[in-house]
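J.: Just one file: upload.txt, with compact mmCIF, C-alpha atoms and all ligand atoms.
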# COMPACT_ATOMS: atom_id res chain seq x y z
CA MET N 1 9.02 -5.58 -5.87
CA ASP N 2 8.53 -4.15 -2.41
CA ASN N 3 5.76 -1.56 -2.28
CA SER N 4 5.52 0.69 0.76
CA PHE N 5 1.81 1.27 1.46
CA ALA N 6 2.35 3.50 4.49
CA PRO N 7 5.07 3.93 7.10
CA GLY N 8 5.23 0.53 8.81
CA LEU N 9 3.64 -1.55 6.05
CA SER N 10 5.25 -2.81 2.89
CA ALA N 11 4.52 -5.92 0.86
CA LYS N 12 5.93 -7.90 -2.05
CA CYS N 13 3.82 -6.82 -5.02
CA TRP N 14 3.95 -7.14 -8.80
CA GLY N 15 3.99 -4.20 -11.20
CA TYR N 16 5.67 -2.73 -14.28
CA ASN N 17 9.09 -1.12 -14.74
CA GLY N 18 9.96 -1.80 -11.12
CA VAL N 19 7.04 0.12 -9.63
CA CYS N 20 3.63 -0.80 -8.27
CA HIS N 21 1.37 0.28 -9.82
CA GLY N 22 3.09 0.70 -13.20
CA PRO N 23 4.17 4.15 -14.41
CA THR N 24 1.56 6.46 -15.96
CA ILE N 25 1.83 6.37 -19.74
CA GLU N 26 1.43 9.91 -21.12
CA ALA N 27 0.96 10.65 -24.82
CA VAL N 28 -0.66 13.08 -27.26
CA GLU N 29 -3.54 12.15 -29.54
CA GLY N 30 -2.08 11.05 -32.89
CA ASP N 31 1.11 9.63 -31.34
CA HIS N 32 2.13 6.27 -32.71
CA VAL N 33 3.44 4.14 -29.85
CA ARG N 34 5.20 0.83 -29.36
CA VAL N 35 5.21 -0.80 -25.95
CA TYR N 36 7.63 -3.66 -25.30
CA VAL N 37 6.54 -5.96 -22.50
CA THR N 38 9.14 -8.31 -20.99
CA ASN N 39 7.60 -10.88 -18.70
CA LYS N 40 9.70 -11.29 -15.57
CA LEU N 41 7.00 -13.19 -13.67
CA GLY N 42 7.12 -16.91 -13.08
CA ALA N 43 3.79 -17.18 -14.91
CA PRO N 44 2.43 -16.11 -18.31
CA THR N 45 0.91 -12.62 -18.62
CA THR N 46 -0.55 -10.12 -21.12
CA VAL N 47 -1.33 -6.40 -21.03
CA HIS N 48 -4.72 -4.94 -21.91
CA TRP N 49 -5.01 -1.24 -22.84
CA HIS N 50 -8.29 -0.31 -21.19
CA GLY N 51 -10.47 2.07 -23.18
CA ILE N 52 -7.98 2.52 -26.02
CA TYR N 53 -9.05 2.21 -29.66
CA LEU N 54 -6.64 -0.26 -31.24
CA PRO N 55 -6.58 -3.28 -33.54
CA ALA N 56 -8.13 -6.38 -31.91
CA GLY N 57 -4.81 -8.20 -32.04
CA MET N 58 -3.34 -5.55 -29.70
CA ASP N 59 -6.14 -5.72 -27.11
CA GLY N 60 -4.27 -8.10 -24.85
CA ILE N 61 -6.75 -10.76 -23.76
CA GLY N 62 -4.73 -13.93 -23.24
CA GLY N 63 -6.04 -16.68 -25.49
CA LEU N 64 -8.52 -14.44 -27.35
CA ASN N 65 -6.37 -11.73 -28.96
CA GLN N 66 -2.92 -13.27 -28.57
CA ARG N 67 -1.13 -16.10 -26.88
CA ALA N 68 0.07 -15.23 -23.41
CA ILE N 69 3.59 -13.89 -22.98
CA ALA N 70 5.65 -16.71 -21.49
CA PRO N 71 8.11 -15.98 -18.67
CA GLY N 72 11.24 -14.45 -20.16
CA GLU N 73 9.59 -13.45 -23.48
CA THR N 74 9.26 -9.89 -24.79
CA PHE N 75 6.13 -8.95 -26.76
CA MET N 76 5.52 -5.75 -28.72
CA TYR N 77 2.24 -3.85 -28.74
CA GLU N 78 1.78 -1.04 -31.26
CA TRP N 79 -0.98 1.42 -32.12
CA THR N 80 -1.81 5.04 -32.90
CA PHE N 81 -3.79 7.00 -30.30
CA ARG N 82 -6.99 8.10 -32.09
CA GLN N 83 -8.58 9.65 -28.99
CA HIS N 84 -7.68 11.60 -25.89
CA GLY N 85 -8.65 11.15 -22.27
CA THR N 86 -7.93 9.08 -19.16
CA PHE N 87 -7.46 5.35 -19.58
CA MET N 88 -5.81 2.42 -17.83
CA TYR N 89 -3.76 -0.68 -18.49
CA HIS N 90 -3.63 -3.97 -16.65
CA SER N 91 -2.82 -7.63 -16.90
CA HIS N 92 -5.52 -9.60 -18.70
CA HIS N 93 -4.19 -13.06 -17.93
CA ASP N 94 -5.10 -14.63 -14.57
CA GLU N 95 -6.56 -11.19 -13.79
CA MET N 96 -7.70 -12.13 -10.31
CA THR N 97 -4.15 -12.88 -9.23
CA GLN N 98 -2.14 -10.46 -11.31
CA MET N 99 -4.32 -7.38 -10.77
CA ALA N 100 -4.62 -8.15 -7.04
CA MET N 101 -0.82 -8.18 -6.93
CA GLY N 102 -0.75 -4.67 -8.44
CA MET N 103 -0.34 -5.14 -12.22
CA THR N 104 -2.26 -2.02 -13.22
CA GLY N 105 -1.47 1.52 -14.37
CA MET N 106 -2.95 4.70 -15.83
CA ILE N 107 -2.78 6.17 -19.36
CA VAL N 108 -3.23 9.89 -20.04
CA VAL N 109 -3.67 11.02 -23.65
CA HIS N 110 -3.77 14.77 -24.20
CA PRO N 111 -5.75 16.24 -27.10
CA ARG N 112 -3.73 17.27 -30.17
CA ASN N 113 -5.88 20.42 -30.43
CA PRO N 114 -7.04 21.15 -26.89
CA PRO N 115 -10.67 22.27 -26.73
CA LYS N 116 -11.57 25.48 -24.93
CA GLY N 117 -11.40 24.96 -21.17
CA TYR N 118 -9.07 21.94 -21.37
CA ALA N 119 -5.97 23.61 -19.93
CA VAL N 120 -5.48 23.27 -16.17
CA ASP N 121 -2.78 24.33 -13.73
CA ARG N 122 -2.71 21.03 -11.84
CA ASP N 123 -3.44 17.64 -13.44
CA PHE N 124 -3.46 14.74 -10.95
CA VAL N 125 -3.77 11.01 -11.70
CA ILE N 126 -4.98 8.60 -9.00
CA MET N 127 -5.47 4.84 -9.31
CA LEU N 128 -7.82 3.34 -6.72
CA SER N 129 -7.17 -0.22 -5.54
CA GLU N 130 -8.00 -2.65 -2.77
CA TRP N 131 -5.86 -5.35 -1.18
CA LYS N 132 -6.00 -8.06 1.44
CA ILE N 133 -2.80 -8.20 3.44
CA VAL N 134 -3.12 -10.21 6.64
CA PRO N 135 -1.52 -8.22 9.48
CA GLY N 136 2.03 -9.34 10.05
CA THR N 137 2.41 -10.84 6.55
CA SER N 138 4.02 -9.29 3.48
CA ARG N 139 2.14 -10.83 0.52
CA PRO N 140 -1.20 -9.57 -0.81
CA ASP N 141 -3.80 -12.38 -0.84
CA PRO N 142 -5.29 -12.50 -4.36
CA ASN N 143 -7.92 -15.06 -3.35
CA GLU N 144 -9.79 -12.60 -1.13
CA MET N 145 -13.26 -11.85 -2.44
CA SER N 146 -14.84 -9.40 -0.02
CA ASP N 147 -12.79 -8.50 3.04
CA PHE N 148 -10.20 -6.05 1.75
CA ASN N 149 -8.20 -4.33 4.48
CA ILE N 150 -5.87 -1.99 2.57
CA LEU N 151 -7.58 0.61 0.37
CA THR N 152 -5.20 2.68 -1.71
CA MET N 153 -4.68 5.74 -3.87
CA ASN N 154 -1.70 5.10 -6.16
CA ALA N 155 -0.87 2.05 -4.02
CA LYS N 156 -0.58 4.16 -0.83
CA ALA N 157 -2.88 4.11 2.20
CA PHE N 158 -3.19 7.16 4.48
CA PRO N 159 -1.00 8.32 6.16
CA GLY N 160 1.20 7.14 3.26
CA THR N 161 -0.79 8.96 0.55
CA VAL N 162 0.66 12.05 -1.16
CA PRO N 163 -1.15 15.40 -0.70
CA LEU N 164 -2.46 17.28 -3.74
CA VAL N 165 -0.84 20.72 -3.51
CA CYS N 166 -2.46 23.67 -5.32
CA LYS N 167 -2.07 27.45 -5.41
CA THR N 168 -5.17 29.44 -4.57
CA GLY N 169 -7.03 29.98 -7.82
CA ASP N 170 -5.47 27.04 -9.67
CA ARG N 171 -7.65 25.19 -12.14
CA VAL N 172 -7.39 21.56 -11.06
CA ARG N 173 -8.14 18.27 -12.80
CA ILE N 174 -8.12 14.97 -10.92
CA ARG N 175 -8.18 11.82 -13.06
CA LEU N 176 -9.45 8.86 -11.06
CA GLY N 177 -9.22 5.25 -12.21
CA ASN N 178 -10.52 2.21 -10.35
CA LEU N 179 -9.18 -1.29 -10.86
CA SER N 180 -10.24 -2.68 -7.48
CA ALA N 181 -11.22 -6.33 -7.59
CA MET N 182 -14.74 -6.00 -6.20
CA ASP N 183 -15.61 -2.45 -5.13
CA HIS N 184 -16.74 0.90 -6.46
CA HIS N 185 -15.44 3.99 -4.71
CA PRO N 186 -17.46 7.19 -4.17
CA ILE N 187 -14.67 9.75 -3.91
CA HIS N 188 -15.69 12.81 -1.93
CA LEU N 189 -13.93 16.19 -1.96
CA HIS N 190 -14.31 18.69 0.86
CA GLY N 191 -14.34 22.45 0.34
CA PHE N 192 -15.28 22.57 -3.35
CA HIS N 193 -17.81 21.47 -5.90
CA PHE N 194 -16.28 19.86 -8.94
CA LYS N 195 -17.67 19.07 -12.35
CA ILE N 196 -17.46 15.57 -13.77
CA THR N 197 -15.87 16.33 -17.12
CA ALA N 198 -14.92 12.97 -18.66
CA THR N 199 -15.12 9.19 -18.41
CA ASP N 200 -12.96 6.60 -20.16
CA GLY N 201 -15.56 6.88 -22.91
CA GLY N 202 -14.46 10.46 -23.63
CA ARG N 203 -14.97 14.07 -22.61
CA LEU N 204 -18.48 15.16 -21.68
CA PRO N 205 -19.92 18.13 -23.57
CA ALA N 206 -20.13 21.21 -21.32
CA SER N 207 -23.93 20.88 -21.12
CA ALA N 208 -23.56 17.36 -19.69
CA GLN N 209 -20.94 18.16 -17.03
CA TRP N 210 -22.79 18.20 -13.75
CA PRO N 211 -21.67 19.58 -10.40
CA GLU N 212 -20.97 17.15 -7.57
CA THR N 213 -19.01 16.77 -4.37
CA THR N 214 -18.76 12.98 -4.67
CA VAL N 215 -18.00 11.03 -7.81
CA LEU N 216 -18.67 7.31 -7.99
CA VAL N 217 -15.80 5.56 -9.73
CA PRO N 218 -17.03 2.08 -10.67
CA THR N 219 -14.44 -0.65 -10.92
CA GLY N 220 -13.13 -0.78 -14.47
CA SER N 221 -13.79 2.94 -15.05
CA THR N 222 -12.14 6.33 -15.06
CA ARG N 223 -13.66 9.67 -14.10
CA ASP N 224 -12.15 13.14 -14.57
CA VAL N 225 -13.28 15.90 -12.24
CA GLU N 226 -12.36 19.59 -12.46
CA PHE N 227 -12.67 22.54 -10.10
CA ILE N 228 -11.07 25.85 -9.21
CA ALA N 229 -9.15 25.69 -5.93
CA ASP N 230 -10.38 29.11 -4.79
CA GLU N 231 -10.39 28.50 -1.02
CA PRO N 232 -7.13 28.04 0.89
CA GLY N 233 -6.95 25.29 3.48
CA ASP N 234 -6.37 21.61 4.08
CA TRP N 235 -9.29 19.81 2.47
CA ALA N 236 -9.92 16.09 2.83
CA MET N 237 -10.54 13.93 -0.22
CA HIS N 238 -11.53 10.35 0.49
CA CYS N 239 -13.70 7.39 -0.39
CA HIS N 240 -17.03 7.85 1.37
CA MET N 241 -17.46 4.15 2.15
CA THR N 242 -16.52 4.22 5.80
CA HIS N 243 -14.80 0.82 5.70
CA HIS N 244 -12.57 2.15 2.92
CA VAL N 245 -10.98 4.73 5.21
CA MET N 246 -9.84 2.08 7.68
CA ASN N 247 -6.58 0.20 7.51
CA GLN N 248 -5.75 -3.30 8.71
CA MET N 249 -7.10 -4.42 12.12
CA GLY N 250 -10.28 -2.41 11.72
CA HIS N 251 -12.46 -5.27 10.55
CA GLU N 252 -13.65 -8.59 11.94
CA ILE N 253 -13.25 -7.60 15.58
CA PRO N 254 -15.95 -8.41 18.16
CA ASN N 255 -18.58 -5.73 18.65
CA THR N 256 -18.07 -4.20 22.10
CA MET N 257 -20.05 -1.00 21.48
CA GLY N 258 -21.62 0.16 24.75
CA VAL N 259 -20.26 -2.73 26.81
CA GLU N 260 -19.72 -1.88 30.49
CA ALA N 261 -16.40 -3.62 30.69
CA GLY N 262 -15.37 -2.85 34.27
CA SER N 263 -16.32 -6.16 35.91
CA VAL N 264 -15.35 -8.22 32.85
CA ASP N 265 -11.94 -6.59 32.81
CA ALA N 266 -11.51 -7.13 36.53
CA ARG N 267 -12.29 -10.84 36.25
CA ALA N 268 -10.25 -11.36 33.06
CA GLY N 269 -7.42 -9.50 34.74
CA HIS N 270 -6.94 -12.40 37.17
CA LEU N 271 -6.06 -14.63 34.22
CA LEU N 272 -4.51 -12.05 31.88
CA PRO N 273 -2.83 -9.28 33.84
CA GLY N 274 -3.47 -5.90 32.23
CA TYR N 275 -6.40 -7.20 30.17
CA MET N 276 -8.65 -4.42 28.87
CA THR N 277 -11.75 -4.61 26.70
CA MET N 278 -11.49 -2.14 23.82
CA GLY N 279 -13.80 -0.57 21.31
CA GLN N 280 -16.74 0.32 23.60
CA GLN N 281 -16.62 3.89 22.28
CA GLY N 282 -15.45 3.02 18.78
CA MET N 283 -12.19 2.70 16.95
CA GLY N 284 -10.67 6.16 17.42
CA GLU N 285 -9.73 5.43 21.03
CA MET N 286 -7.68 2.42 19.98
CA ALA N 287 -5.49 4.51 17.72
CA LEU N 288 -5.08 7.12 20.44
CA MET N 289 -4.02 4.48 22.94
CA GLY N 290 -1.35 3.31 20.52
CA MET N 291 -2.72 -0.23 20.31
CA LYS N 292 0.11 -2.64 19.54
CA VAL N 293 -0.01 -4.13 16.04
CA PRO N 294 2.07 -7.01 14.62
CA ASP N 295 5.30 -6.17 12.79
CA ASN N 296 4.74 -4.95 9.22
CA SER N 297 1.15 -3.82 9.73
CA ILE N 298 -0.53 -0.48 10.37
CA PRO N 299 -3.18 0.67 12.83
CA MET N 300 -6.75 0.57 11.61
CA VAL N 301 -7.00 4.35 11.42
CA GLY N 302 -4.87 7.20 10.16
CA GLY N 303 -2.18 9.31 11.66
CA LYS N 304 -1.16 12.49 13.41
CA GLY N 305 -2.79 15.74 12.24
CA PRO N 306 -2.04 19.34 13.22
CA HIS N 307 -4.80 19.47 15.85
CA ASP N 308 -5.36 15.88 16.88
CA TYR N 309 -5.21 12.31 15.64
CA ILE N 310 -6.83 11.89 12.19
CA THR N 311 -9.13 8.88 12.59
CA MET N 312 -9.14 7.96 8.91
CA GLY N 313 -6.78 5.74 6.95
CA GLY N 314 -6.91 3.93 3.62
CA MET N 315 -8.37 5.82 0.69
CA PHE N 316 -7.80 9.28 2.16
CA THR N 317 -5.62 12.18 1.09
CA ILE N 318 -5.53 15.96 1.50
CA VAL N 319 -5.92 18.72 -1.08
CA LYS N 320 -3.66 21.50 0.23
CA VAL N 321 -4.55 24.91 -1.20
CA ARG N 322 -2.30 27.86 -0.33
CA ASP N 323 -1.82 31.51 -1.28
CA GLY N 324 1.53 32.55 -2.69
CA LEU N 325 3.19 29.17 -3.14
CA THR N 326 6.53 29.21 -4.93
CA SER N 327 6.68 25.42 -5.34
CA TYR N 328 4.30 22.49 -5.24
CA ASP N 329 6.24 20.71 -2.49
CA ASP N 330 4.19 19.74 0.56
CA PRO N 331 3.62 23.07 2.38
CA GLY N 332 2.86 21.39 5.73
CA TRP N 333 -0.35 21.94 7.69
CA TYR N 334 -2.68 24.89 7.12
CA ASP N 335 -2.89 27.55 9.80
CA ASN N 336 -6.56 28.50 10.05
CA PRO N 337 -6.86 32.32 10.30
CA PRO N 338 -8.16 33.76 13.59
CA GLY N 339 -11.93 33.57 13.84
CA THR N 340 -12.18 30.60 11.45
CA GLN N 341 -11.23 27.79 13.82
CA ALA N 342 -13.78 25.53 15.54
CA ASP N 343 -12.95 25.40 19.25
CA VAL N 344 -14.49 25.13 22.72
CA ALA N 345 -17.53 27.43 23.07
CA ARG N 346 -16.83 30.31 25.47
CA PRO N 347 -19.31 31.19 28.24
CA GLU N 348 -20.00 34.58 26.57
CA ASP N 349 -20.89 32.82 23.28
CA LEU N 350 -23.31 30.47 25.07
CA ALA N 351 -24.89 33.37 26.91
CA ARG N 352 -25.26 35.50 23.75
CA ASP N 353 -27.14 32.76 21.91
CA GLY N 354 -29.18 31.55 24.88
CA ILE N 355 -27.62 28.06 24.98
CA LYS N 356 -28.21 26.39 28.36
CA LEU N 357 -26.13 23.27 29.05
CU CU C 1 -14.09 2.97 -1.50
Please rewrite the model in this file as structure tokens.
T.:
Amino acid sequence: MDNSFAPGLSAKCWGYNGVCHGPTIEAVEGDHVRVYVTNKLGAPTTVHWHGIYLPAGMDGIGGLNQRAIAPGETFMYEWTFRQHGTFMYHSHHDEMTQMAMGMTGMIVVHPRNPPKGYAVDRDFVIMLSEWKIVPGTSRPDPNEMSDFNILTMNAKAFPGTVPLVCKTGDRVRIRLGNLSAMDHHPIHLHGFHFKITATDGGRLPASAQWPETTVLVPTGSTRDVEFIADEPGDWAMHCHMTHHVMNQMGHEIPNTMGVEAGSVDARAGHLLPGYMTMGQQGMGEMALMGMKVPDNSIPMVGGKGPHDYITMGGMFTIVKVRDGLTSYDDPGWYDNPPGTQADVARPEDLARDGIKL
């Protein structure tokens, strides 16, 4: 199916139930479930239920636990959830291809008898993934091993990601899963400290939940983090690997940092009218100048913010915390109250603090 990664970029991906990634499966501990899987691919497939206790014959490794589901066949998986927590599912046949095409999803199992402190006001689920989509093309390249150029949260790259909207004072849980082919993602939250409360191995006892502002989500793992959204504002949440907050076109370009391009540009201009060396001051300028990109591809960095251009893309979203919300629809940009906005230093400020420029 077509998956829109961000305005201007969509690609033909694979998934489940017509969406990429597949829908989140939500259940309660003790539920007995049956999952029917109809294979509409042109190739065999299976589904593995990552982290779930189940009989070995339901574990979904093609060849080991079952024969692969042939194109057109429908298989049935069945088990009883004997645990609660955050888990995942994904193809376990030709994983390199099928997972790179998007055949992954999240599983949330709620406790039958919630322990003290389990209840939250906002419970978010985010799958982290990485893709190689050559600019101007519309098929992910599953053979890529290291140079991923689209980094996603729930198969969206900023500015296509969805903000996490909270009321001031809400208790918030964010369930992160990572099924990237090759990379771990240290997910960093601005404005708050969270506690790491669970992995796909289960909930951590209170004494083992430690405070952090960045949680490393290794590939093949889930991490739950929890915090109280007690400070209104627009707060960034993003992977802290700087190449993971860039979109296409941000990699593999020549290094022109610090180049004095004037004479080069003048000479090249005789052959290529309008030629201009770019990147001497970094990537942000290219976005600002509206560098042309091929059809069906997105600039290497983000999008328009309330104050300026946001020079981040990829694995980036915004936690929007507001007083007095009546719905969790996107409330727009935060208006920083007077006296709390970074801005140009005034002469009287410089004089007061003895700053000489
Ligand atoms: Cu990352």
J.: At a cut-off of 7 Å around ligand CU 1 (chain C), and using only C-alpha atoms and all ligand atoms, what residues come up? Please write them as number ranges by chain.
T.: N: 183-186, 239-241, 244, 315
J.: Looking at N:Thr311, N:Thr74, N:Ser221, N:Gln66, which one is nearest to N:Ala198, with distances taken over all atoms listed in the file?
T.: N:Ser221
J.: Once you count only C-alpha atoms, what closest atom pair and distance in Å to one decimal does each residue of stretch 56-114 of chain N within 10 Å of stretch 176-180 of chain N have, with rows by chain and rising residue number, as a tab-separated table?
T.:
residue	atom	partner	partner_atom	distance
N:Thr86	CA	N:Gly177	CA	8.0
N:Phe87	CA	N:Gly177	CA	7.6
N:Met88	CA	N:Gly177	CA	7.2
N:Tyr89	CA	N:Leu179	CA	9.4
N:His90	CA	N:Leu179	CA	8.5
N:Met99	CA	N:Leu179	CA	7.8
N:Ala100	CA	N:Ser180	CA	7.9
N:Gly102	CA	N:Leu179	CA	9.4
N:Met103	CA	N:Leu179	CA	9.7
N:Thr104	CA	N:Leu179	CA	7.3
N:Gly105	CA	N:Gly177	CA	8.9
N:Met106	CA	N:Gly177	CA	7.3
N:Ile107	CA	N:Gly177	CA	9.7
J.: Could you tell me which of N:Asp2, N:Thr38, N:His92, N:Thr80 comes closest to N:Gly62 if we count only C-alpha atoms?
T.: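 Looking at the shortest contact to N:Gly62, the residue is N:His92.
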J.: Residues within 7 Å of stretch 159-173 of chain N, please, as an MDAnalysis selection string. Count all atoms listed in the file; anything in the same chain fewer than 5 positions from it doesn't count.
T.: chainID N and resid 5:7 120:124 153 224:232 302:303 313 317:325 328 330
J.: Please compute the atom CA of N:Asp234-atom CA of N:Gly22 distance, one decimal, in Å.
T.: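 Going from atom CA of N:Asp234 over to atom CA of N:Gly22 covers 28.7 Å.
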J.: What is the distance between atom CA of N:Asn296 and atom CA of N:Ile150, in Å to one decimal?
T.: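 About the pair atom CA of N:Asn296 and atom CA of N:Ile150: they are 12.9 Å apart.
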J.: Please indicate the distance in Å from atom CA of N:Lys132 to atom CA of N:Thr46, rounded to one decimal place.
T.: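 These atoms are spaced 23.3 Å apart.
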J.: I'd like the contact shell of N:Asn65 - 10 Å cut-off, only C-alpha atoms, skipping same-chain residues fewer than 6 positions apart - returned as a count of residues only.
T.: 7
J.: In terms of the shortest atom-to-atom distance over all atoms listed in the file, which of N:Gly262, N:Pro306, N:Gly60, N:Gly136 is closest to N:Asp335?
T.: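 Among the listed residues, the smallest separation from N:Asp335 belongs to N:Pro306.
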J.: I'd like to know which of N:Leu204, N:Val245, N:Pro135, N:His307 is closest to N:Asp343, using all atoms listed in the file.
T.: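 Smallest distance to N:Asp343 is found for N:His307.
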J.: Just the residues within 8 Å of N:Asp31, please, counting only C-alpha atoms, with nothing from its chain fewer than 2 positions along; format it as a list in words.
T.: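 Listed by chain and then number, they are Ala27, Val28, Glu29, Val33, Thr80 and Phe81 of chain N.
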J.: Kindly reconstruct stretch 107-125 of chain N with N, CA and C atoms and present the result as an mmCIF file, in the coordinates of the input.
T.:
data_model
loop_
_atom_site.group_PDB
_atom_site.id
_atom_site.type_symbol
_atom_site.label_atom_id
_atom_site.label_comp_id
_atom_site.auth_asym_id
_atom_site.auth_seq_id
_atom_site.Cartn_x
_atom_site.Cartn_y
_atom_site.Cartn_z
ATOM 1 N N ILE N 107 -3.202 5.590 -18.073
ATOM 2 C CA ILE N 107 -2.780 6.170 -19.360
ATOM 3 C C ILE N 107 -3.471 7.527 -19.492
ATOM 4 N N VAL N 108 -2.684 8.551 -19.792
ATOM 5 C CA VAL N 108 -3.230 9.890 -20.040
ATOM 6 C C VAL N 108 -2.878 10.275 -21.475
ATOM 7 N N VAL N 109 -3.908 10.559 -22.275
ATOM 8 C CA VAL N 109 -3.670 11.020 -23.650
ATOM 9 C C VAL N 109 -4.232 12.428 -23.762
ATOM 10 N N HIS N 110 -3.353 13.382 -24.071
ATOM 11 C CA HIS N 110 -3.770 14.770 -24.200
ATOM 12 C C HIS N 110 -4.287 15.026 -25.612
ATOM 13 N N PRO N 111 -5.240 15.937 -25.759
ATOM 14 C CA PRO N 111 -5.750 16.240 -27.100
ATOM 15 C C PRO N 111 -4.678 16.923 -27.956
ATOM 16 N N ARG N 112 -4.670 16.617 -29.237
ATOM 17 C CA ARG N 112 -3.730 17.270 -30.170
ATOM 18 C C ARG N 112 -4.099 18.753 -30.291
ATOM 19 N N ASN N 113 -5.388 19.039 -30.385
ATOM 20 C CA ASN N 113 -5.880 20.420 -30.430
ATOM 21 C C ASN N 113 -6.806 20.631 -29.241
ATOM 22 N N PRO N 114 -6.234 21.094 -28.120
ATOM 23 C CA PRO N 114 -7.040 21.150 -26.890
ATOM 24 C C PRO N 114 -8.293 22.008 -27.060
ATOM 25 N N PRO N 115 -9.453 21.466 -26.667
ATOM 26 C CA PRO N 115 -10.670 22.270 -26.730
ATOM 27 C C PRO N 115 -10.627 23.368 -25.675
ATOM 28 N N LYS N 116 -11.483 24.371 -25.881
ATOM 29 C CA LYS N 116 -11.570 25.480 -24.930
ATOM 30 C C LYS N 116 -11.868 24.907 -23.537
ATOM 31 N N GLY N 117 -11.145 25.401 -22.542
ATOM 32 C CA GLY N 117 -11.400 24.960 -21.170
ATOM 33 C C GLY N 117 -10.616 23.724 -20.777
ATOM 34 N N TYR N 118 -9.798 23.175 -21.694
ATOM 35 C CA TYR N 118 -9.070 21.940 -21.370
ATOM 36 C C TYR N 118 -7.877 22.204 -20.450
ATOM 37 N N ALA N 119 -7.211 23.343 -20.655
ATOM 38 C CA ALA N 119 -5.970 23.610 -19.930
ATOM 39 C C ALA N 119 -6.241 23.754 -18.436
ATOM 40 N N VAL N 120 -5.389 23.134 -17.629
ATOM 41 C CA VAL N 120 -5.480 23.270 -16.170
ATOM 42 C C VAL N 120 -4.088 23.592 -15.636
ATOM 43 N N ASP N 121 -4.060 24.069 -14.373
ATOM 44 C CA ASP N 121 -2.780 24.330 -13.730
ATOM 45 C C ASP N 121 -2.221 23.075 -13.049
ATOM 46 N N ARG N 122 -3.130 22.253 -12.533
ATOM 47 C CA ARG N 122 -2.710 21.030 -11.840
ATOM 48 C C ARG N 122 -3.509 19.865 -12.409
ATOM 49 N N ASP N 123 -2.816 18.783 -12.766
ATOM 50 C CA ASP N 123 -3.440 17.640 -13.440
ATOM 51 C C ASP N 123 -2.982 16.381 -12.693
ATOM 52 N N PHE N 124 -3.838 15.873 -11.807
ATOM 53 C CA PHE N 124 -3.460 14.740 -10.950
ATOM 54 C C PHE N 124 -4.045 13.433 -11.489
ATOM 55 N N VAL N 125 -3.331 12.338 -11.269
ATOM 56 C CA VAL N 125 -3.770 11.010 -11.700
ATOM 57 C C VAL N 125 -3.752 10.081 -10.487
#
